[in-house]
Each structure stands twice: as structure tokens, then as C-alpha cells.
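For reference, the structure is listed below as C-alpha cells.
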Amino acid sequence: MRDNTPPHRPDFDDGDDELLEEIDLEGEQPLDEDDDDMEEVTLEQLEARLGMHDDFDDEEADEEELRDRERIAGIKDDALLTFRQHKAPVFACSLHPTYNWAVTGSEDDRAYVWDTSTGEELFEIKEHKDTVTEAHFSHDGLYLATGDLSGEIFVFKVSEQREERPILSKVWEYSMSDMSWMFWHRGAHVLLAGSDSGEVFVWRIPSGDCKILAGQSSRCETGELSGDGKKLFTAYINGTVKLWDLKTCQVLMEVNEQHPMGFGEITHAVVACERESPFYICAEASGKLLFCTNNGPVSTVQSEHGVECLAFAPPTADLKLFACGSLDGYISIWDYSKYSIRTVCESPVPNDGVLRIKWLNDHTILAATSQGNLNAFDARSGSLKFTLTGHFYHIYEMAYKPQENLLLTVCEDNTAKIFQVPTLGD
């Protein structure tokens, strides 16, 4: 029996007959004096009182649906192009570094490679049997990797001639336990993936040579490469944080629930690694931030807002900043040299939760929101620079191509869109 299967109702056996015989079904209780004044109600009135016909809830739901339709009708579509091939919410996306190609993955168990200029479908990946949550081109565009929730991973080699068909050929596949995340190394054909059971897999592609960073029966919630690309910073759902040496598979630093700066059990965690120095941040949903170096934790702070996403400013930035996005619609910009907030950016639409953030340049931070907006802020002042609209609901992921100032977004509304980012300036 599955865990979510309701228990069977017990059948009465012969032993139950004896119990039933003890219940006097024939006798009648004397009426109270007030029974003569009992209110008569119809069956319809009784059902209404019992909530069997909750007209008020129905009306409230209808009003909410009407408001949502009005909101959607008023949305201006700023996108250059919309890809509509998916039949369910879209969770994964990536842009090819040189070709005008996008890849998107969806709850419809499909991944598509398509032309960002025309929207033409170039290749369909239909071997997945579960929601495709990860889809990434390698740093040089030579390979494409897709992965689904059940842990089925496929790697394709991109054709050397852009006009050659088919454009992809499968070179490797693997079936792991349920997958929580996956990405390519920034400078090598090395694929990394975290699992619900806690192990982290590190594969060399296309040979498939594998290293495993041991788990501890607790979901590896997130991971990110260190600035030098030699270490991996991971967080687990039991609150443990680890820094791994990818060459030796040894733990260089660990903060667990026994540590005075540790988290304890958590529901959601995100991590970020500073590119130019061995400095790492882990944040959990309630807003606690943990700052670490190679030698261990150095400080913790409590944010006023919860943390859904986290990102360091580019290494070229003149200020040592990182940003935290929250589900209540705020982006907190922190100066990590002082462990203090510099400014706070607020979504122009109330309670428009921030699901993803991305630095577009040294001073511009872009937020993708739960109501389908893309808001860009000046990280120095917190002022809104511009907003791009077109999606209806949660934007789950985005990818940015700075050479062409193009932005790819994927959404709960079953679509992927290409936007031209306005000139960013300073």
C-alpha cells in the first residue's frame, strides 16, 4: 500500500453483531418539553447549514478567478518571442553560448531545443518519464544535459555544423535516485548532481567516470562551485553545510546542527560562492545567513525577510555586495565586508514574491517574481530601473546572454519567452 492510500473501512464481522444487539434500536426516548417548539427546516436549508452547499466560498472563488482574469488581460507582453510547445509548467532553461539556441524543460516530461530568433523547434527530447527540472548547455556549448525529478539524466553532443540535422546525438545517460539539482562545471566537461538521499555525483563527460560525495540520508538541497572551481559548497535539509574538495572527495569544512552557528532542521536552503575569494554564504528560508571561509563559519546574521534566492555581485563590482530575494517581495542588498544591509529593493506590485535573482552587471539586479514580472533595480540605491512583463504566473528560471542582451525565462503558464533587456548603463 502506498503511503498516501487511505485506510480501508473495516467490515463488520460476527463479533460485531453482539455489540449491535446491545444497542436498543426499538426504544424511544421521551420528548423534552421544548421539542414541540422545534424549528422545521428543509433538506436544502440543512445542507446549507452543514456547509454542503457553501455558496459563499463559491462566490469568493469566482471573484478571485475574475480578478485573476482581469489581471492577465491587463498584462502587456514585452517579449520578442514566446515558445508555446510545452503543455505544462516549464521549470528549466539554458541559452547556448554561441548559437541562437535555447533549451527548455517542463512538467510535460519534455525538453525542447529551439531557435531564439524564430521560435522554431529544432530538437525534442522525449525519453524522460518525469518532470524535466534541469536543462543546461556546457560552458563551451559542446554538450547538452537534461535531468528529471526521478534522476534520469541524458547528455547529448551538439553537432559541429549548425545546419546539420539532427542537431544533437545522445552520448551518455545515467539513472540515479531522485534528483534535487544538476549543473555543469564552469570550465570542464564535468557534470554534478545532488540527490534526495544526500549523495552528490560528479561525472566526467562523455566517459562517465564517476566520483560520489557521500551522503547522510538527508536531501542535498543545493550546491555551488567555489570561485576557483575546485571545491563544492553544499547544504542539506537536516541543516548541515559542507565544503568539499572535488579532487579528493574529502570534506574540507562542515557546520552541522551541533555547531553553535548551525541551522538545525530546515525547509529550504540556498548557497552562493564569491568568485574572487574563498567566501561562502548559506541562507535558509526563515532568513538566517551563515558566512563561511575554507576554515569554517565566521558569522551569522538574521535577515528581516525570509530568503528564497541568493547571489553575489560580479567580481568586477567596486562594492562587495550580495543580494537576497524573499517571497514577500523584497530584495535585500548586503555589504558582506560589514555583514550589514546596504539597501532594500521592493517589488512595485505588493507581495509579488521574488523567486529568482540575477546580476545583469555590476550594479543591476534582476528579479523574477511569482506574478510573472521581471523587475530590475539599481543595487546601490534600491531604485527600480525597469520592468518587463508578459508572463502570467511564477517565473521559475531565467538565463541571460550578455553579449546580445537577451533574457530567456520559463514560467508556470506553460511558456518560455525571449526578452530584449534595455540598455543597462552604469
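If you're wondering about the labels, chains in the C-alpha cells are A, B, ... by order shown, residues count from 1 in each chain, ligands from 1 in order shown.
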
Inset, instruction - Just the strand (DSSP E or B) stuff from segment 171-207 of chain A, please, per backbone DSSP, written as a ChimeraX atom specification. - result: /A:171-175,179-184,190-195,200-204

Using N, CA and C atoms, can you export the residues from the last selection as a compact mmCIF listing (two decimals), in the first residue's frame?
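Final output, part.txt:
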```txt
# COMPACT_ATOMS: atom_id res chain seq x y z
N VAL A 171 25.11 10.80 -26.12
CA VAL A 171 26.41 10.17 -25.91
C VAL A 171 26.52 9.51 -24.54
N TRP A 172 25.55 9.80 -23.64
CA TRP A 172 25.67 9.25 -22.28
C TRP A 172 24.34 9.39 -21.57
N GLU A 173 24.04 8.43 -20.69
CA GLU A 173 22.85 8.54 -19.84
C GLU A 173 23.11 7.81 -18.53
N TYR A 174 22.34 8.21 -17.52
CA TYR A 174 22.52 7.64 -16.19
C TYR A 174 21.21 7.73 -15.42
N SER A 175 20.96 6.73 -14.58
CA SER A 175 19.78 6.74 -13.73
C SER A 175 20.22 6.73 -12.27
N MET A 179 16.52 13.22 -8.09
CA MET A 179 17.49 14.30 -8.24
C MET A 179 16.94 15.61 -7.67
N SER A 180 17.79 16.35 -6.98
CA SER A 180 17.38 17.65 -6.45
C SER A 180 17.97 18.82 -7.23
N TRP A 181 19.15 18.65 -7.85
CA TRP A 181 19.74 19.71 -8.66
C TRP A 181 20.81 19.11 -9.58
N MET A 182 21.20 19.87 -10.60
CA MET A 182 22.22 19.42 -11.54
C MET A 182 22.78 20.63 -12.28
N PHE A 183 24.09 20.66 -12.51
CA PHE A 183 24.68 21.71 -13.35
C PHE A 183 26.04 21.26 -13.85
N TRP A 184 26.54 21.98 -14.87
CA TRP A 184 27.87 21.75 -15.43
C TRP A 184 28.92 22.53 -14.65
N VAL A 190 32.43 18.41 -16.94
CA VAL A 190 32.15 17.68 -15.70
C VAL A 190 30.74 18.08 -15.26
N LEU A 191 29.92 17.06 -15.01
CA LEU A 191 28.53 17.27 -14.63
C LEU A 191 28.35 16.88 -13.17
N LEU A 192 27.66 17.72 -12.40
CA LEU A 192 27.43 17.48 -10.98
C LEU A 192 25.93 17.43 -10.72
N ALA A 193 25.52 16.54 -9.79
CA ALA A 193 24.10 16.42 -9.45
C ALA A 193 23.95 16.00 -8.00
N GLY A 194 22.98 16.59 -7.31
CA GLY A 194 22.67 16.23 -5.94
C GLY A 194 21.40 15.39 -5.88
N SER A 195 21.31 14.54 -4.86
CA SER A 195 20.20 13.60 -4.78
C SER A 195 19.39 13.79 -3.50
N VAL A 200 26.17 13.26 -3.74
CA VAL A 200 26.44 14.16 -4.86
C VAL A 200 27.29 13.40 -5.86
N PHE A 201 26.83 13.35 -7.11
CA PHE A 201 27.53 12.64 -8.17
C PHE A 201 28.32 13.63 -9.01
N VAL A 202 29.54 13.24 -9.34
CA VAL A 202 30.42 14.07 -10.18
C VAL A 202 30.90 13.19 -11.33
N TRP A 203 30.44 13.48 -12.56
CA TRP A 203 30.77 12.67 -13.72
C TRP A 203 31.67 13.43 -14.69
N ARG A 204 32.61 12.73 -15.28
CA ARG A 204 33.36 13.26 -16.40
C ARG A 204 32.66 12.81 -17.68
```

Inset, instruction - Kindly indicate which residue among A:Ala79, A:Ala88, A:Met261, A:Val251 lies nearest to Thr415 of chain A, using only C-alpha atoms for the distances. - result: A:Ala88

List as a Markdown table every residue of segment 234-280 of chain A that is in contact with segment 306-312 of chain A, defined as an atom at most 10 Å from one of its atoms (using only C-alpha atoms), together with the nearest atom pair and the distance in Å rounded to one decimal, sorted by chain and then rising number.
```
| residue | atom | partner | partner_atom | distance |
| --- | --- | --- | --- | --- |
| A:His268 | CA | A:Glu308 | CA | 7.8 |
| A:Ala269 | CA | A:Glu308 | CA | 7.7 |
| A:Val270 | CA | A:Cys309 | CA | 6.2 |
| A:Val271 | CA | A:Leu310 | CA | 6.8 |
| A:Ala272 | CA | A:Ala311 | CA | 5.9 |
| A:Cys273 | CA | A:Phe312 | CA | 7.2 |
| A:Glu274 | CA | A:Phe312 | CA | 6.3 |
| A:Arg275 | CA | A:Phe312 | CA | 8.3 |
| A:Tyr280 | CA | A:Phe312 | CA | 9.6 |
```

Legend entry - Within 12 Å of Ala283 of chain A using only C-alpha atoms, minus same-chain residues under 4 positions, as JSON, numbers by chain: {"A": [221, 222, 234, 235, 236, 237, 239, 240, 241, 262, 263, 266, 267, 268, 269, 270, 271, 272, 273, 287, 288, 289, 290, 291, 292, 300, 301, 302, 303, 305, 306, 307, 308, 309, 310, 311, 322, 323, 324, 325, 326]}

Inset, instruction - Compile the contact shell of Thr293 of chain A as number ranges by chain: residues with an atom at most 7 Å away, counting only C-alpha atoms, same-chain residues fewer than 4 positions apart removed. - result: A: 278-280, 297

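Atom CA of Asp178 of chain A is positioned 13.1 Å from atom CA of His128 of chain A.
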
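If you measure from each of A:Asp115, A:Asp109, A:Glu60, A:Glu199 to Ser217 of chain A using only C-alpha atoms, the closest one turns out to be A:Glu199.
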
Legend entry - Residue contacts of Asp426 of chain A (9 Å, only C-alpha atoms) excluding same-chain residues fewer than 2 positions away, as an NGL selection string: :A and (361-364 or 424)

Selected residues written out with N, CA and C atoms, as a PDB file, in the first residue's frame:
```
ATOM      1  N   ASN A 361      24.706  43.330 -14.415  1.00  0.00           N
ATOM      2  CA  ASN A 361      26.026  43.959 -14.462  1.00  0.00           C
ATOM      3  C   ASN A 361      26.432  44.291 -13.029  1.00  0.00           C
ATOM      4  N   ASP A 362      27.455  45.114 -12.862  1.00  0.00           N
ATOM      5  CA  ASP A 362      27.999  45.373 -11.528  1.00  0.00           C
ATOM      6  C   ASP A 362      26.979  45.953 -10.557  1.00  0.00           C
ATOM      7  N   HIS A 363      26.005  46.703 -11.071  1.00  0.00           N
ATOM      8  CA  HIS A 363      25.096  47.415 -10.179  1.00  0.00           C
ATOM      9  C   HIS A 363      23.618  47.150 -10.452  1.00  0.00           C
ATOM     10  N   THR A 364      23.302  46.243 -11.371  1.00  0.00           N
ATOM     11  CA  THR A 364      21.901  45.972 -11.725  1.00  0.00           C
ATOM     12  C   THR A 364      21.524  44.555 -11.341  1.00  0.00           C
ATOM     13  N   LEU A 424      21.527  48.971 -19.983  1.00  0.00           N
ATOM     14  CA  LEU A 424      21.658  48.991 -18.529  1.00  0.00           C
ATOM     15  C   LEU A 424      22.359  50.242 -18.014  1.00  0.00           C
TER      16      LEU A 424
END
```

Inset, instruction - Compare A:Thr387, A:Ser207, A:Gln161, A:Ser150 by their minimum atom-to-atom distance to Ala367 of chain A, counting only C-alpha atoms, and give me the closest one. - result: A:Thr387

Inset, instruction - Find, counting only C-alpha atoms, the residue in A:Ile331, A:Ile357, A:Leu168, A:Cys220 that gets nearest to Ala145 of chain A. - result: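 Of the candidates, the smallest distance to Ala145 of chain A is held by A:Leu168.
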
Inset, instruction - Please indicate the distance in Å from atom CA of Leu388 of chain A to atom CA of Asp78 of chain A, rounded to one decimal place. - result: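 One can read the atom CA of Leu388 of chain A to atom CA of Asp78 of chain A distance as 6.0 Å.
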
Inset, instruction - Could you check which of A:Ser332, A:Thr98, A:Ser159, A:Thr104 is closest to Glu404 of chain A, using only C-alpha atoms? - result: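 Distance minimum relative to Glu404 of chain A lands on A:Thr98.
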
Inset, instruction - Tell me which protein, DNA and RNA residues are within 8 Å of segment 380-386 of chain A, counting only C-alpha atoms, leaving out same-chain ones fewer than 3 positions away, and put them as a list of chain:residue names. - result: A:Arg342, A:Thr343, A:Val344, A:Cys345, A:Glu346, A:His363, A:Asn375, A:Ala376, A:Phe377, A:Pro422

Only N, CA and C atoms, please: the residues just picked out, written as a CSV table (one decimal), in the first residue's frame.
```
chain,number,residue,atom,x,y,z
A,342,ARG,N,22.8,47.2,2.9
A,342,ARG,CA,23.1,48.5,2.3
A,342,ARG,C,21.8,49.1,1.9
A,343,THR,N,20.9,48.4,1.2
A,343,THR,CA,19.6,48.9,0.8
A,343,THR,C,18.6,47.8,0.6
A,344,VAL,N,17.4,48.1,0.5
A,344,VAL,CA,16.3,47.2,0.2
A,344,VAL,C,15.5,47.6,-1.0
A,345,CYS,N,15.3,46.7,-1.9
A,345,CYS,CA,14.5,46.9,-3.1
A,345,CYS,C,13.1,46.3,-2.9
A,346,GLU,N,12.1,47.0,-3.2
A,346,GLU,CA,10.7,46.5,-3.0
A,346,GLU,C,10.0,46.3,-4.4
A,363,HIS,N,26.0,46.7,-11.1
A,363,HIS,CA,25.1,47.4,-10.2
A,363,HIS,C,23.6,47.2,-10.5
A,375,ASN,N,11.7,42.6,-12.7
A,375,ASN,CA,12.0,43.9,-12.2
A,375,ASN,C,13.5,44.1,-12.0
A,376,ALA,N,14.0,45.1,-12.6
A,376,ALA,CA,15.5,45.4,-12.5
A,376,ALA,C,15.7,46.6,-11.5
A,377,PHE,N,16.6,46.5,-10.6
A,377,PHE,CA,16.9,47.5,-9.6
A,377,PHE,C,18.3,47.9,-9.7
A,422,PRO,N,16.7,46.2,-21.8
A,422,PRO,CA,17.0,47.5,-22.1
A,422,PRO,C,18.5,47.9,-21.8
```

Inset, instruction - Can you work out which one of A:Gln371, A:Gly425, A:Gly329, A:Phe419 has the shortest atom-to-atom distance to Ile72 of chain A, counting only C-alpha atoms? - result: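 Ranking A:Gln371, A:Gly425, A:Gly329, A:Phe419 by distance to Ile72 of chain A, first place goes to A:Gln371.
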
Inset, instruction - Write out as a count of residues only the residues lying within 12 Å of Ala102 of chain A, counting only C-alpha atoms and excluding same-chain residues fewer than 5 positions away. - result: 40

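The two atoms in question, atom CA of Gln258 of chain A and atom CA of Asn238 of chain A, are spaced 11.3 Å apart.
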